[in-house]
Amino acid sequence: MKPAAPVIAALEAAGGEARFVGGCVRNALLGAPIGDVDIATTLTPEAVVAALEAARIRAVPTGVDHGTVTAVLDSQPFEVTTLRRDVETDGRRAVVAFTTDWSEDAQRRDFTMNAVYADAEGTLTDPTGTGVADAKAGRLVFVGDPATRIAEDSLRILRFFRFLAWYGKGEPDAAALAACEAGRGLMANLAAERVSKELLKLLEAYDPRPAVRLMARTGVLGALIPAPEDLSVFEQLVEVETEQLFECDPLLRLATLSPADQVGVAKAAEALRLSNEQRDRLVAARGVSPKITSWMSPRESRRAVYQIGATTFADRIKLAWAASSRSAATHQWRGLLALSQSWTPPPFPLTGEDVLKSGVPKGPMVGQVLREVEDWWIDHDFIDDKFSAIEKLKAVAQGMAY
């Protein structure tokens, strides 16, 4: 958090108190990597802007109505938010009032482990009294009454399971879990983009299986997507990723929690408002042709890579591997993945101009001839011999009735 020290200094020079808060403090306590750095202050947004500008730090009013100004220092953003309390909430948005009371600010936060503050010297302030202990013990506990926190913003249900996947240890807090189950219907009012963002962050955890099991058991997962009754493919994909491939692919994990057909997964992607690129990848991963098996020959594998592309081929391998219970095929699946990463399909050596030179007249017949020769070229394992391809072209052209 040292890069943000000049921001803290600028706020304090203007007469305000400023402390780090949220994920950066939590992760520092846990020795985990620190991502975004958030700062809380007693200064109003207008005073924050003035303080930053006086220190020649760029100030961007990203959410002034809610008390947030983004300080940009050496191209790195730091969110600075005025201490606040909720005046009115509707489950998605809140009307806030600014305060100088750190305890009031803590009471509107979601979980105790996220309501710990640290000053520039590292001195901690823990208004809830249990935030530090809960963070270190992996206890995910709502600040105050869980149902009240969820009523303020129902996305907190999904955030509960997300933080559980990343930081939870032992049995989950019973009151929190019950409140999530009781309030799951409130999530229907959430913007799909917010849901998909949280869901993908959850699935990015090293091992989200316990959290996803709880989501399924409480009906939270089914309230978000048409989830499968059987989570075995999802569970096995996570096992393959973590024990064999040493990777975490949240989008592919989502594919195993969505309908297993291309139409169904496309509808799920649309409901979650995924990007076109994400949707297209999910749909392609759920394709069934060519069929992917662990006993595919190198020639069949190269054909598949050429037809559907290396990324889709790799995705389908992982899904097929996860759906297979035969651990003896591990080396075969790994071999197929290695081929997808190491082999680059060569360009087809002929063009439409070559077809015209062979005597085929302009028109649809050109494409038909080209496709037939290309099929022959693929069948011959992408033969690196343009002369042979031209000879095949001549034979095909001579056999065509124009």
# chains A, B, ... in the order shown; residues from 1 in each chain; ligands from 1
call {"tool": "select_by_dssp", "arguments": {"residues": "segment 124-315 of chain A", "states": "helix (DSSP H, G or I)", "output": "MDAnalysis selection string"}}
result
chainID A and resid 131:137 146:152 155:167 174:182 184:189 192:203 209:218 220:224 232:245 250:257 262:271 276:285 298:308 310:315
call {"tool": "residues_around", "arguments": {"residues": "segment 178-181 of chain A", "least_positions_apart": "2", "cutoff": "8 Å", "atoms": "only C-alpha atoms", "output": "MDAnalysis selection string"}}
result
chainID A and resid 146:147 150 157 174:176 183:184 218:220
call {"tool": "residues_around", "arguments": {"residues": "Gly399 of chain A", "least_positions_apart": "2", "cutoff": "12 Å", "atoms": "only C-alpha atoms", "output": "MDAnalysis selection string"}}
result
chainID A and resid 358:360 369 372 392:397 401:402
call {"tool": "select_by_dssp", "arguments": {"residues": "segment 71-318 of chain A", "states": "strand (DSSP E)", "output": "PDB file with N, CA and C atoms, in the first residue's frame"}}
result
ATOM      1  N   ALA A  71      -8.265   9.037  -6.913  1.00  0.00           N
ATOM      2  CA  ALA A  71      -6.961   9.691  -7.013  1.00  0.00           C
ATOM      3  C   ALA A  71      -6.088   8.871  -7.951  1.00  0.00           C
ATOM      4  N   VAL A  72      -5.476   9.533  -8.922  1.00  0.00           N
ATOM      5  CA  VAL A  72      -4.623   8.839  -9.887  1.00  0.00           C
ATOM      6  C   VAL A  72      -3.196   9.328  -9.693  1.00  0.00           C
ATOM      7  N   LEU A  73      -2.348   8.408  -9.279  1.00  0.00           N
ATOM      8  CA  LEU A  73      -0.953   8.747  -8.982  1.00  0.00           C
ATOM      9  C   LEU A  73      -0.053   7.769  -9.721  1.00  0.00           C
ATOM     10  N   GLN A  76      -1.754   4.919 -11.383  1.00  0.00           N
ATOM     11  CA  GLN A  76      -2.456   3.951 -10.548  1.00  0.00           C
ATOM     12  C   GLN A  76      -3.624   4.623  -9.838  1.00  0.00           C
ATOM     13  N   PRO A  77      -4.840   4.037  -9.940  1.00  0.00           N
ATOM     14  CA  PRO A  77      -6.001   4.657  -9.295  1.00  0.00           C
ATOM     15  C   PRO A  77      -6.166   4.197  -7.849  1.00  0.00           C
ATOM     16  N   PHE A  78      -6.592   5.121  -7.001  1.00  0.00           N
ATOM     17  CA  PHE A  78      -6.921   4.818  -5.607  1.00  0.00           C
ATOM     18  C   PHE A  78      -8.270   5.462  -5.314  1.00  0.00           C
ATOM     19  N   GLU A  79      -9.242   4.662  -4.903  1.00  0.00           N
ATOM     20  CA  GLU A  79     -10.562   5.216  -4.590  1.00  0.00           C
ATOM     21  C   GLU A  79     -10.556   5.807  -3.183  1.00  0.00           C
ATOM     22  N   VAL A  80     -10.956   7.063  -3.097  1.00  0.00           N
ATOM     23  CA  VAL A  80     -11.035   7.768  -1.815  1.00  0.00           C
ATOM     24  C   VAL A  80     -12.511   8.060  -1.551  1.00  0.00           C
ATOM     25  N   THR A  81     -13.028   7.531  -0.462  1.00  0.00           N
ATOM     26  CA  THR A  81     -14.456   7.673  -0.183  1.00  0.00           C
ATOM     27  C   THR A  81     -14.674   8.301   1.194  1.00  0.00           C
ATOM     28  N   THR A  82     -15.539   9.283   1.219  1.00  0.00           N
ATOM     29  CA  THR A  82     -15.891   9.949   2.470  1.00  0.00           C
ATOM     30  C   THR A  82     -16.661   8.990   3.374  1.00  0.00           C
ATOM     31  N   ARG A  84     -19.484   7.499   5.483  1.00  0.00           N
ATOM     32  CA  ARG A  84     -20.894   7.713   5.152  1.00  0.00           C
ATOM     33  C   ARG A  84     -21.785   6.732   5.910  1.00  0.00           C
ATOM     34  N   ARG A  85     -23.049   7.040   5.914  1.00  0.00           N
ATOM     35  CA  ARG A  85     -24.069   6.143   6.470  1.00  0.00           C
ATOM     36  C   ARG A  85     -25.232   6.124   5.498  1.00  0.00           C
ATOM     37  N   ASP A  86     -25.948   5.018   5.453  1.00  0.00           N
ATOM     38  CA  ASP A  86     -27.088   4.891   4.548  1.00  0.00           C
ATOM     39  C   ASP A  86     -28.292   5.622   5.111  1.00  0.00           C
ATOM     40  N   VAL A  87     -28.939   6.390   4.241  1.00  0.00           N
ATOM     41  CA  VAL A  87     -30.180   7.076   4.604  1.00  0.00           C
ATOM     42  C   VAL A  87     -31.373   6.306   4.066  1.00  0.00           C
ATOM     43  N   GLU A  88     -31.196   5.762   2.850  1.00  0.00           N
ATOM     44  CA  GLU A  88     -32.286   5.035   2.190  1.00  0.00           C
ATOM     45  C   GLU A  88     -31.674   4.019   1.232  1.00  0.00           C
ATOM     46  N   THR A  89     -32.251   2.819   1.185  1.00  0.00           N
ATOM     47  CA  THR A  89     -31.778   1.788   0.263  1.00  0.00           C
ATOM     48  C   THR A  89     -32.978   1.096  -0.372  1.00  0.00           C
ATOM     49  N   ALA A  94     -28.192   3.047  -2.877  1.00  0.00           N
ATOM     50  CA  ALA A  94     -28.377   3.664  -1.562  1.00  0.00           C
ATOM     51  C   ALA A  94     -28.235   5.169  -1.663  1.00  0.00           C
ATOM     52  N   VAL A  95     -29.011   5.862  -0.863  1.00  0.00           N
ATOM     53  CA  VAL A  95     -28.829   7.300  -0.658  1.00  0.00           C
ATOM     54  C   VAL A  95     -28.033   7.425   0.630  1.00  0.00           C
ATOM     55  N   VAL A  96     -26.923   8.171   0.584  1.00  0.00           N
ATOM     56  CA  VAL A  96     -26.051   8.224   1.739  1.00  0.00           C
ATOM     57  C   VAL A  96     -25.935   9.641   2.280  1.00  0.00           C
ATOM     58  N   ALA A  97     -25.518   9.714   3.532  1.00  0.00           N
ATOM     59  CA  ALA A  97     -25.168  10.995   4.160  1.00  0.00           C
ATOM     60  C   ALA A  97     -23.747  10.856   4.677  1.00  0.00           C
ATOM     61  N   PHE A  98     -22.985  11.930   4.559  1.00  0.00           N
ATOM     62  CA  PHE A  98     -21.587  11.875   4.988  1.00  0.00           C
ATOM     63  C   PHE A  98     -21.500  12.034   6.501  1.00  0.00           C
ATOM     64  N   TYR A 117      -9.931  -0.877   9.389  1.00  0.00           N
ATOM     65  CA  TYR A 117      -9.224   0.294   8.852  1.00  0.00           C
ATOM     66  C   TYR A 117      -7.770   0.268   9.321  1.00  0.00           C
ATOM     67  N   ALA A 118      -6.883   0.830   8.501  1.00  0.00           N
ATOM     68  CA  ALA A 118      -5.470   0.914   8.886  1.00  0.00           C
ATOM     69  C   ALA A 118      -4.922   2.270   8.476  1.00  0.00           C
ATOM     70  N   LEU A 124      -4.289  -0.462  13.343  1.00  0.00           N
ATOM     71  CA  LEU A 124      -5.616  -0.935  12.943  1.00  0.00           C
ATOM     72  C   LEU A 124      -6.723  -0.323  13.792  1.00  0.00           C
ATOM     73  N   THR A 125      -7.852  -0.080  13.135  1.00  0.00           N
ATOM     74  CA  THR A 125      -9.095   0.304  13.813  1.00  0.00           C
ATOM     75  C   THR A 125     -10.148  -0.714  13.408  1.00  0.00           C
TER      76      THR A 125
END
call {"tool": "residues_around", "arguments": {"residues": "Val69 of chain A", "least_positions_apart": "2", "cutoff": "8 Å", "atoms": "only C-alpha atoms", "output": "list in words"}}
result
Pro45, Val48, Val49, Ala59, Val60, Pro61, Thr62, Gly63, Val64, Gly67, Ala71, Glu79, Val80 and Thr81 of chain A
call {"tool": "residues_around", "arguments": {"residues": "segment 23-29 of chain A", "least_positions_apart": "2", "cutoff": "9 Å", "atoms": "only C-alpha atoms", "output": "list in words"}}
result
Met1, Phe20, Val21, Gly31, Ala32, Pro33, Ile34, Gly35, Asp36, Val37, Asp38, Met113, Asn114, Ala115, Val116, Tyr117, Ala118, Leu124, Gly131, Val132, Ala135 and Lys136 of chain A
call {"tool": "write_last_selection", "arguments": {"atoms": "N, CA and C atoms", "output": "tab-separated table (two decimals), in the first residue's frame"}}
result
chain	number	residue	atom	x	y	z
A	1	MET	N	0.81	-1.21	0.00
A	1	MET	CA	0.00	0.00	0.00
A	1	MET	C	0.85	1.27	0.00
A	20	PHE	N	-6.65	3.33	5.22
A	20	PHE	CA	-6.95	2.27	4.27
A	20	PHE	C	-8.10	1.43	4.81
A	21	VAL	N	-8.86	0.84	3.89
A	21	VAL	CA	-10.02	0.07	4.33
A	21	VAL	C	-10.34	-1.02	3.32
A	31	GLY	N	-1.79	-11.87	4.53
A	31	GLY	CA	-0.60	-12.12	3.73
A	31	GLY	C	-0.93	-12.50	2.30
A	32	ALA	N	-2.09	-12.07	1.81
A	32	ALA	CA	-2.53	-12.37	0.45
A	32	ALA	C	-2.18	-11.20	-0.46
A	33	PRO	N	-2.11	-11.44	-1.77
A	33	PRO	CA	-1.82	-10.35	-2.71
A	33	PRO	C	-2.84	-9.23	-2.59
A	34	ILE	N	-2.38	-7.99	-2.69
A	34	ILE	CA	-3.25	-6.83	-2.58
A	34	ILE	C	-3.55	-6.31	-3.98
A	35	GLY	N	-4.83	-6.16	-4.28
A	35	GLY	CA	-5.24	-5.63	-5.58
A	35	GLY	C	-5.57	-4.15	-5.46
A	36	ASP	N	-6.87	-3.85	-5.51
A	36	ASP	CA	-7.30	-2.45	-5.40
A	36	ASP	C	-7.03	-1.91	-3.99
A	37	VAL	N	-6.66	-0.64	-3.93
A	37	VAL	CA	-6.41	0.02	-2.65
A	37	VAL	C	-7.47	1.09	-2.45
A	38	ASP	N	-8.28	0.91	-1.41
A	38	ASP	CA	-9.35	1.86	-1.08
A	38	ASP	C	-8.98	2.64	0.17
A	113	MET	N	-14.83	-8.67	8.19
A	113	MET	CA	-13.44	-8.71	7.72
A	113	MET	C	-13.14	-7.60	6.72
A	114	ASN	N	-14.18	-6.98	6.17
A	114	ASN	CA	-14.00	-5.86	5.24
A	114	ASN	C	-14.20	-4.51	5.92
A	115	ALA	N	-14.42	-4.52	7.22
A	115	ALA	CA	-14.69	-3.28	7.96
A	115	ALA	C	-13.57	-2.95	8.92
A	116	VAL	N	-12.34	-3.28	8.52
A	116	VAL	CA	-11.17	-2.97	9.33
A	116	VAL	C	-10.39	-1.85	8.62
A	117	TYR	N	-9.93	-0.88	9.39
A	117	TYR	CA	-9.22	0.29	8.85
A	117	TYR	C	-7.77	0.27	9.32
A	118	ALA	N	-6.88	0.83	8.50
A	118	ALA	CA	-5.47	0.91	8.89
A	118	ALA	C	-4.92	2.27	8.48
A	124	LEU	N	-4.29	-0.46	13.34
A	124	LEU	CA	-5.62	-0.94	12.94
A	124	LEU	C	-6.72	-0.32	13.79
A	131	GLY	N	-13.57	-7.88	13.41
A	131	GLY	CA	-13.13	-7.94	12.02
A	131	GLY	C	-11.78	-8.59	11.82
A	132	VAL	N	-10.80	-8.20	12.67
A	132	VAL	CA	-9.46	-8.76	12.55
A	132	VAL	C	-9.47	-10.25	12.85
A	135	ALA	N	-11.24	-12.22	10.07
A	135	ALA	CA	-10.43	-12.35	8.86
A	135	ALA	C	-9.39	-13.44	9.04
A	136	LYS	N	-8.69	-13.45	10.15
A	136	LYS	CA	-7.64	-14.43	10.38
A	136	LYS	C	-8.19	-15.84	10.53
call {"tool": "residues_around", "arguments": {"residues": "segment 190-198 of chain A", "least_positions_apart": "4", "cutoff": "9 Å", "atoms": "only C-alpha atoms", "output": "ChimeraX atom specification"}}
result
/A:91-92,153-155,158-159,162,186,202-203,224,271-274
call {"tool": "write_last_selection", "arguments": {"atoms": "C-alpha atoms", "output": "short mmCIF file (atom, residue, chain, number, x, y, z; two decimals), in the first residue's frame"}}
result
data_model
loop_
_atom_site.label_atom_id
_atom_site.label_comp_id
_atom_site.auth_asym_id
_atom_site.auth_seq_id
_atom_site.Cartn_x
_atom_site.Cartn_y
_atom_site.Cartn_z
CA GLY A 91 -31.82 -3.36 -2.50
CA ARG A 92 -29.69 -2.06 -5.37
CA ASP A 153 -28.08 -4.65 -1.41
CA SER A 154 -29.02 -8.18 -2.44
CA LEU A 155 -25.75 -8.57 -4.34
CA LEU A 158 -23.43 -13.48 -4.01
CA ARG A 159 -20.56 -11.59 -2.38
CA ARG A 162 -17.56 -15.21 -3.33
CA LEU A 186 -34.29 -10.42 -4.05
CA LEU A 202 -16.27 -16.37 -7.29
CA LEU A 203 -15.40 -19.02 -9.87
CA LEU A 224 -29.01 -17.03 -10.91
CA ALA A 271 -29.26 -13.75 -19.18
CA LEU A 272 -25.96 -12.89 -17.50
CA ARG A 273 -25.22 -10.21 -20.12
CA LEU A 274 -21.81 -11.70 -20.85
#
call {"tool": "closest_residue", "arguments": {"among": "A:Ser103, A:Thr351, A:Gln332, A:Thr130", "to": "Leu370 of chain A", "atoms": "only C-alpha atoms"}}
result
A:Thr351
call {"tool": "atom_distance", "arguments": {"atom1": "atom CA of Gly335 of chain A", "atom2": "atom CA of Ser297 of chain A"}}
result
10.3 Å
